[in-house]
Amino acid sequence: MKTITSVELAKLAGVSQSTVSRCLNDSPLVSEETKARVKKLAEEYSFQFNTNARGLKTNRTGLIGYVFSEDFTGFANHYIQSDIYYRIRMHLAKEGLDLVPVFDDRKFGERFAIEKSISNRRFDALIFNRPQVSERVQNLLVETKIPYIFIYDTNESSDVPFMIAPSHTLIGSLVGRAFCEAGYTRFVELTGPSDRIDVIHKHTGFTQVLHQYGHGLPDSHILCANYHLEEATAVTLAHRELFQPGTACFAQNDMMALGVLEGLRQCGISVPEDVAIIGSDNIPMGKWFRPNLTTVGIDYDSIIELTVRWILAMTEGRLPNSYRHVLSSKLIIRDTFCPE
């Protein structure tokens, strides 16, 4: 029996050509009934879905590059970035696409690895888990016309056309309002790297709310722990005089919040009786420690879903002119902050 083309198979099944691809890659975006019908027809007509041939025809590689943040030091050290990457990768695999990690710490002559990948058109699209790229990378993206999107650790106030980000300003505001409404007047903030835009936005949102309630945050009460648990424990121990009874501590991510919790434990300071702590990210480890960590939950499911939708739209040639999503977050009250 003569085999049929994907166009013919799509016509027989009464679906689009892209739906045929999704059915044969067992995509969750297609109903089980449709997948079963398409697969049955493919078997009856000896249809072979050849991803290599598709790549030659469309000049696509089937590869999507995922660029981690500049301070990324390994999957074990960056839980959130690693989890987002893994979950997007699993979704794209069902669509016959490969998500490839890209790091720009290796140089090839005068070019970093990311620049080389763009120049060689290795990827069909790029996902940047960072606030921005260098002017050189930006120029390369314009020249090659490779689609790209910024997600998660990005600048919510930037004017890039393709972006999916939580509102880091809102995260800081939520924490500040929760502390002030609970009656706290003394505060400590632990920040990430000072040059990161998400750090700046969280701090801005936090301090703006404090000022609205008539409170201030002295510079001496702002401690940098670079988003690391161990550094947070160390700076807490080094500045234990700041954590007096009645203090509320905002740690800009959960790893630092857990570091503060450990430092206060070593100092014999009770949480939340003496000091309240709120983190941000809602990582699973926050529920492993005692007391359980109060945190701001980010909508990672939406970040992942929206990113996958953007990639699929790109592969089907139907990208919109703009795709910007700034997502809300919510306060998750557990044991380290009890407003009652």
# chains A, B, ... in the order shown; residues from 1 in each chain; ligands from 1
>>> select_by_dssp(residues="range 88-153 of chain A", states="helix (DSSP H, G or I)", output="PyMOL selection string")
chain A and resi 88-93+113-119+135-144
>>> closest_residue(among="A:Tyr45, A:Tyr66, A:Phe75, A:Phe289", to="Tyr148 in chain A", atoms="only C-alpha atoms")
A:Tyr66
>>> atom_distance(atom1="CA of Phe250 in chain A", atom2="CA of Cys180 in chain A")
12.0 Å
>>> residues_around(residues="Ser27 in chain A", least_positions_apart="3", cutoff="7 Å", atoms="only C-alpha atoms", output="PyMOL selection string")
chain A and resi 22-23+30+94-95
>>> closest_residue(among="A:Val38, A:Val275, A:Leu331, A:Ile151", to="Arg177 in chain A", atoms="only C-alpha atoms")
A:Leu331
>>> closest_residue(among="A:Ile118, A:Cys267, A:Leu210, A:Ile164", to="Glu143 in chain A", atoms="only C-alpha atoms")
A:Ile118
>>> closest_residue(among="A:His91, A:Lys202, A:His221, A:His325", to="Leu29 in chain A", atoms="only C-alpha atoms")
A:His91
>>> residues_around(residues="Ser270 in chain A", least_positions_apart="3", cutoff="12 Å", atoms="only C-alpha atoms", output="PyMOL selection string")
chain A and resi 243-247+260-267+273-277+290-291+335-337
>>> write_last_selection(atoms="C-alpha atoms", output="mmCIF file, in the first residue's frame")
data_model
loop_
_atom_site.group_PDB
_atom_site.id
_atom_site.type_symbol
_atom_site.label_atom_id
_atom_site.label_comp_id
_atom_site.auth_asym_id
_atom_site.auth_seq_id
_atom_site.Cartn_x
_atom_site.Cartn_y
_atom_site.Cartn_z
ATOM 1 C CA PHE A 243 16.318 40.773 65.048
ATOM 2 C CA GLN A 244 14.846 42.152 68.236
ATOM 3 C CA PRO A 245 11.423 40.993 69.476
ATOM 4 C CA GLY A 246 8.690 42.537 67.362
ATOM 5 C CA THR A 247 10.748 42.508 64.123
ATOM 6 C CA VAL A 260 17.253 33.327 58.381
ATOM 7 C CA LEU A 261 15.120 30.742 60.154
ATOM 8 C CA GLU A 262 18.205 28.621 60.822
ATOM 9 C CA GLY A 263 20.238 31.627 61.991
ATOM 10 C CA LEU A 264 17.519 32.684 64.425
ATOM 11 C CA ARG A 265 17.267 29.129 65.716
ATOM 12 C CA GLN A 266 20.991 29.177 66.487
ATOM 13 C CA CYS A 267 20.529 32.501 68.301
ATOM 14 C CA GLU A 273 6.818 34.751 68.600
ATOM 15 C CA ASP A 274 9.843 37.095 68.493
ATOM 16 C CA VAL A 275 10.448 37.574 64.768
ATOM 17 C CA ALA A 276 8.085 37.040 61.830
ATOM 18 C CA ILE A 277 9.472 35.860 58.467
ATOM 19 C CA ARG A 290 9.593 23.778 61.304
ATOM 20 C CA PRO A 291 7.930 26.186 61.622
ATOM 21 C CA ASP A 335 3.686 29.339 60.623
ATOM 22 C CA THR A 336 6.479 31.935 60.399
ATOM 23 C CA PHE A 337 3.981 34.812 60.203
#
>>> atom_distance(atom1="CA of Lys35 in chain A", atom2="CA of Gly96 in chain A")
14.9 Å
>>> select_by_dssp(residues="range 18-143 of chain A", states="strand (DSSP E)", output="compact mmCIF listing (two decimals) with C-alpha atoms, in the first residue's frame")
# COMPACT_ATOMS: atom_id res chain seq x y z
CA LEU A 63 15.47 22.62 19.02
CA ILE A 64 14.49 25.37 21.47
CA GLY A 65 17.29 27.03 23.44
CA TYR A 66 16.80 27.81 27.14
CA VAL A 67 19.19 30.46 28.45
CA ASP A 98 13.79 19.41 22.32
CA LEU A 99 14.57 22.04 24.96
CA VAL A 100 18.32 22.54 25.19
CA PRO A 101 20.03 24.40 28.08
CA VAL A 102 22.35 27.22 27.02
CA LYS A 107 33.95 31.62 25.11
CA PHE A 108 34.74 30.67 21.51
CA ARG A 111 32.12 35.08 21.24
CA PHE A 112 30.24 33.47 24.09
CA ALA A 125 13.59 29.98 19.19
CA LEU A 126 15.19 31.06 22.47
CA ILE A 127 13.78 31.32 25.98
CA PHE A 128 15.68 33.75 28.22
>>> atom_distance(atom1="CA of Tyr323 in chain A", atom2="CA of Ser167 in chain A")
15.7 Å
>>> residues_around(residues="Thr204 in chain A", least_positions_apart="5", cutoff="9 Å", atoms="only C-alpha atoms", output="mmCIF file with all heavy atoms, in the first residue's frame")
data_model
loop_
_atom_site.group_PDB
_atom_site.id
_atom_site.type_symbol
_atom_site.label_atom_id
_atom_site.label_comp_id
_atom_site.auth_asym_id
_atom_site.auth_seq_id
_atom_site.Cartn_x
_atom_site.Cartn_y
_atom_site.Cartn_z
ATOM 1 N N THR A 169 7.331 43.698 41.891
ATOM 2 C CA THR A 169 6.893 44.836 42.697
ATOM 3 C C THR A 169 5.703 44.438 43.567
ATOM 4 O O THR A 169 5.631 44.787 44.751
ATOM 5 C CB THR A 169 6.508 46.019 41.798
ATOM 6 O OG1 THR A 169 7.616 46.358 40.959
ATOM 7 C CG2 THR A 169 6.120 47.233 42.628
ATOM 8 N N GLY A 172 6.779 42.374 46.688
ATOM 9 C CA GLY A 172 7.234 43.213 47.796
ATOM 10 C C GLY A 172 6.090 43.930 48.477
ATOM 11 O O GLY A 172 6.042 44.055 49.713
ATOM 12 N N SER A 173 5.130 44.392 47.681
ATOM 13 C CA SER A 173 3.971 45.112 48.225
ATOM 14 C C SER A 173 3.122 44.206 49.107
ATOM 15 O O SER A 173 2.646 44.618 50.176
ATOM 16 C CB SER A 173 3.106 45.675 47.096
ATOM 17 O OG SER A 173 3.827 46.591 46.306
ATOM 18 N N VAL A 199 15.282 41.989 42.152
ATOM 19 C CA VAL A 199 15.637 42.403 43.506
ATOM 20 C C VAL A 199 15.219 43.851 43.736
ATOM 21 O O VAL A 199 14.627 44.204 44.769
ATOM 22 C CB VAL A 199 17.154 42.236 43.745
ATOM 23 C CG1 VAL A 199 17.588 42.886 45.060
ATOM 24 C CG2 VAL A 199 17.530 40.756 43.734
ATOM 25 N N VAL A 209 5.215 50.441 50.345
ATOM 26 C CA VAL A 209 4.107 50.155 51.259
ATOM 27 C C VAL A 209 4.461 50.567 52.684
ATOM 28 O O VAL A 209 3.625 51.145 53.400
ATOM 29 C CB VAL A 209 3.725 48.663 51.200
ATOM 30 C CG1 VAL A 209 2.748 48.318 52.324
ATOM 31 C CG2 VAL A 209 3.098 48.330 49.853
#
>>> closest_residue(among="A:Arg37, A:Arg334, A:Glu32, A:Gly214", to="Val15 in chain A", atoms="only C-alpha atoms")
A:Arg37
>>> closest_residue(among="A:Cys224, A:Thr294, A:Gln252, A:Val20", to="Thr5 in chain A", atoms="only C-alpha atoms")
A:Val20
